[in-house]
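Shown below: run-v1.txt, with compact mmCIF, C-alpha atoms.
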```txt
# COMPACT_ATOMS: atom_id res chain seq x y z
CA MET A 25 -34.24 -47.89 -4.94
CA ARG A 26 -34.04 -48.93 -8.60
CA GLU A 27 -31.88 -52.00 -9.11
CA ASN A 28 -31.15 -54.17 -12.09
CA ASN A 29 -31.28 -57.51 -10.30
CA LEU A 30 -30.41 -60.50 -12.42
CA LYS A 31 -31.57 -63.47 -10.41
CA PRO A 32 -29.80 -66.70 -11.32
CA LYS A 33 -31.42 -70.10 -11.57
CA ALA A 34 -30.57 -72.59 -8.84
CA SER A 35 -27.28 -74.28 -9.74
CA GLY A 36 -26.97 -76.77 -6.90
CA LEU A 37 -23.44 -75.47 -6.27
CA GLY A 38 -24.19 -73.59 -3.06
CA PRO A 39 -24.78 -69.85 -2.78
CA PRO A 40 -23.91 -67.92 -5.93
CA TRP A 41 -21.05 -65.45 -6.15
CA SER A 42 -22.84 -62.07 -5.96
CA VAL A 43 -21.52 -58.85 -7.48
CA HIS A 44 -22.99 -55.44 -6.67
CA ILE A 45 -22.08 -52.65 -9.09
CA LEU A 46 -22.68 -49.04 -8.09
CA THR A 47 -23.25 -47.06 -11.26
CA LEU A 48 -25.11 -44.13 -12.79
CA PHE A 49 -26.04 -46.42 -15.71
CA PRO A 50 -27.52 -49.69 -14.33
CA GLU A 51 -29.29 -50.32 -17.64
CA MET A 52 -25.85 -51.06 -19.16
CA PHE A 53 -25.63 -54.30 -17.16
CA PRO A 54 -25.17 -57.17 -17.73
CA GLY A 55 -24.12 -55.96 -21.19
CA LEU A 56 -21.19 -58.07 -22.34
CA LEU A 57 -21.32 -60.02 -19.08
CA GLY A 58 -24.55 -61.60 -20.34
CA PHE A 59 -22.77 -63.38 -23.18
CA SER A 60 -20.41 -66.34 -23.59
CA LEU A 61 -18.97 -67.91 -20.44
CA PRO A 62 -20.02 -65.19 -17.97
CA GLY A 63 -23.53 -65.20 -19.44
CA ARG A 64 -23.88 -68.97 -19.16
CA ALA A 65 -22.56 -68.85 -15.59
CA LEU A 66 -25.08 -66.09 -14.81
CA GLU A 67 -27.92 -68.16 -16.28
CA SER A 68 -26.85 -71.31 -14.46
CA GLY A 69 -26.68 -69.56 -11.08
CA ILE A 70 -22.93 -69.64 -10.46
CA TRP A 71 -22.97 -65.88 -9.95
CA ASN A 72 -25.48 -63.04 -9.88
CA LEU A 73 -25.31 -59.37 -10.71
CA ASN A 74 -26.96 -56.44 -8.94
CA ALA A 75 -26.50 -53.07 -10.70
CA ILE A 76 -27.45 -50.31 -8.25
CA GLN A 77 -28.35 -46.78 -9.32
CA ILE A 78 -26.20 -44.34 -7.29
CA ARG A 79 -28.63 -41.49 -8.04
CA ASP A 80 -31.25 -43.21 -5.84
CA PHE A 81 -29.16 -42.24 -2.78
CA ALA A 82 -29.16 -38.50 -3.55
CA THR A 83 -31.31 -36.48 -1.18
CA ASP A 84 -32.08 -33.34 -3.21
CA LYS A 85 -35.01 -33.06 -5.60
CA HIS A 86 -32.70 -33.13 -8.66
CA LYS A 87 -30.92 -36.33 -7.51
CA THR A 88 -27.52 -34.63 -7.81
CA VAL A 89 -24.60 -37.06 -7.49
CA ASP A 90 -21.60 -34.98 -8.51
CA ASP A 91 -19.97 -31.73 -7.49
CA THR A 92 -17.00 -29.60 -8.50
CA PRO A 93 -13.62 -30.56 -7.01
CA TYR A 94 -12.63 -28.85 -3.76
CA GLY A 95 -10.26 -26.03 -4.62
CA GLY A 96 -11.47 -25.85 -8.22
CA GLY A 97 -10.06 -27.55 -11.25
CA ALA A 98 -11.45 -29.47 -14.18
CA GLY A 99 -13.88 -32.34 -13.97
CA MET A 100 -16.44 -33.53 -11.48
CA VAL A 101 -16.26 -35.50 -8.23
CA MET A 102 -18.88 -37.83 -6.76
CA LYS A 103 -20.60 -36.30 -3.74
CA PRO A 104 -19.22 -38.14 -0.69
CA ASP A 105 -22.57 -38.26 1.13
CA VAL A 106 -24.30 -39.91 -1.83
CA LEU A 107 -21.49 -42.39 -2.41
CA ASP A 108 -21.32 -43.16 1.32
CA ALA A 109 -25.06 -43.89 1.44
CA ALA A 110 -24.78 -46.16 -1.60
CA LEU A 111 -21.81 -48.04 -0.13
CA ASN A 112 -23.57 -48.43 3.23
CA SER A 113 -26.52 -50.06 1.46
CA LEU A 114 -24.32 -52.99 0.43
CA PRO A 115 -23.99 -56.21 2.44
CA GLN A 116 -21.54 -55.99 5.35
CA GLY A 117 -18.10 -57.55 5.09
CA THR A 118 -17.68 -57.57 1.32
CA ARG A 119 -14.66 -56.22 -0.51
CA LYS A 120 -15.15 -52.90 -2.29
CA ILE A 121 -13.22 -52.20 -5.49
CA TYR A 122 -12.92 -48.89 -7.30
CA LEU A 123 -11.66 -49.05 -10.88
CA SER A 124 -9.25 -46.17 -11.37
CA PRO A 125 -6.35 -45.39 -13.74
CA ARG A 126 -4.28 -44.75 -10.60
CA GLY A 127 -5.07 -48.13 -9.10
CA LYS A 128 -3.01 -51.27 -8.69
CA PRO A 129 -2.74 -53.21 -11.98
CA LEU A 130 -5.33 -55.94 -12.35
CA THR A 131 -3.17 -59.01 -13.03
CA GLN A 132 -3.92 -62.72 -13.30
CA LYS A 133 -2.28 -63.29 -9.91
CA LEU A 134 -4.47 -60.64 -8.28
CA LEU A 135 -7.58 -62.11 -9.93
CA GLN A 136 -6.73 -65.51 -8.47
CA GLU A 137 -6.35 -63.95 -5.01
CA LEU A 138 -9.66 -62.11 -5.40
CA SER A 139 -11.45 -65.29 -6.49
CA ALA A 140 -10.53 -66.94 -3.17
CA THR A 141 -12.23 -64.19 -1.12
CA PRO A 142 -15.87 -63.02 -0.79
CA PRO A 143 -17.13 -61.32 -3.96
CA PRO A 144 -16.36 -57.64 -4.49
CA ASN A 145 -18.58 -54.64 -4.84
CA GLN A 146 -17.52 -52.38 -7.65
CA GLN A 147 -18.03 -48.67 -8.08
CA CYS A 148 -17.74 -47.64 -11.71
CA GLY A 149 -15.52 -44.58 -11.99
CA LYS A 150 -16.47 -43.43 -15.48
CA GLY A 151 -17.33 -39.73 -15.73
CA ALA A 152 -17.17 -38.44 -12.17
CA ARG A 153 -14.27 -39.28 -9.87
CA CYS A 154 -14.56 -40.86 -6.46
CA PRO A 155 -13.58 -38.44 -3.67
CA LYS A 156 -10.10 -39.19 -2.31
CA SER A 157 -11.53 -39.43 1.18
CA CYS A 158 -13.79 -42.32 0.11
CA SER A 159 -11.36 -44.19 -2.11
CA ALA A 160 -8.48 -44.00 0.37
CA VAL A 161 -10.45 -45.40 3.28
CA ILE A 162 -13.00 -47.85 1.97
CA MET A 163 -11.91 -49.27 -1.34
CA GLN A 164 -9.15 -51.15 -3.03
CA LYS A 165 -8.19 -49.30 -6.22
CA LEU A 166 -7.59 -51.40 -9.31
CA ARG A 167 -7.06 -50.60 -12.95
CA ASN A 168 -7.34 -52.63 -16.10
CA GLY A 169 -6.86 -52.02 -19.78
CA ALA A 170 -4.00 -50.56 -21.77
CA LEU A 171 -2.15 -49.35 -18.68
CA ASN A 172 -1.60 -52.96 -17.62
CA ARG A 173 0.32 -54.01 -20.71
CA GLN A 174 3.97 -54.55 -20.01
CA LYS A 175 6.62 -54.02 -22.67
CA ARG A 176 8.07 -57.27 -23.92
```

Please re-express this file's structure in structure tokens.
Amino acid sequence: MRENNLKPKASGLGPPWSVHILTLFPEMFPGLLGFSLPGRALESGIWNLNAIQIRDFATDKHKTVDDTPYGGGAGMVMKPDVLDAALNSLPQGTRKIYLSPRGKPLTQKLLQELSATPPPNQQCGKGARCPKSCSAVIMQKLRNGALNRQKR
């Protein structure tokens, strides 16, 4: 399994906050998270980042991870068996978050609640969609960005 493990230095603050990101593009991480405050926290060992290649969990020779939607329609959907295998490879008992435009708004209050719980695992939803069967059962859906802005 190909992973982009960013191992933090020892911080002396106890175990670091670990984030596992399931993605088709692990080489994109840490990206912006490697700069400024998150980057310094990553270097000092306050948190660590593990970008996991979803394609490594595909079983066919072409490492296929997406399929056409059931019943037709535009777009692509992640194959449930591949996504299930990737999710099952993560540590037990951690929160799983799927970023989706249909998710609950990511607010400051919600971020404070999330920071008081074990760290999340995140599945990046760019490109192919997560099957409804997976997202409804195993993940908390959140959204961020322009959809969160409230009119003043």

For atom CA of A:Asp90 and atom CA of A:Pro104, determine how far apart the two atoms are, in Å to one decimal place.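 Atom-to-atom, atom CA of A:Asp90 and atom CA of A:Pro104 are spaced 8.8 Å apart.
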
Expected axis-aligned box over every listed atom of stretch 104-121 of chain A, 6 Å added per side, centre plus edges in Å to one decimal, as AutoDock Vina command-line options:
```
--center_x -19.9 --center_y -47.9 --center_z -0.1 --size_x 25.3 --size_y 31.4 --size_z 22.8
```

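Take the candidates A:Leu107, A:Phe53, A:Glu67, A:Lys85 and check each one against A:Pro40 using all atoms listed in the file; the shortest distance goes to A:Glu67.
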
Grab the atom CA of A:Lys87 to atom CA of A:Leu111 distance for me, in Å with one decimal place.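 Answer for the atom CA of A:Lys87 to atom CA of A:Leu111 separation: 16.6 Å.
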
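In terms of minimum interatomic distance to A:Asp80, A:Val106 ranks closest within A:Ile45, A:Ala140, A:Leu56, A:Val106, counting only C-alpha atoms.
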
Tell me which of A:Tyr94, A:Phe81, A:Tyr122, A:Trp71 sits closest to A:Pro54, counting all atoms listed in the file.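 Comparing A:Tyr94, A:Phe81, A:Tyr122, A:Trp71 against A:Pro54, the winner is A:Trp71.
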
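Ranking A:Leu138, A:Met52, A:Ile76, A:Met102 by their shortest atom-to-atom distance to A:Thr118, with all atoms listed in the file included, puts A:Leu138 first.
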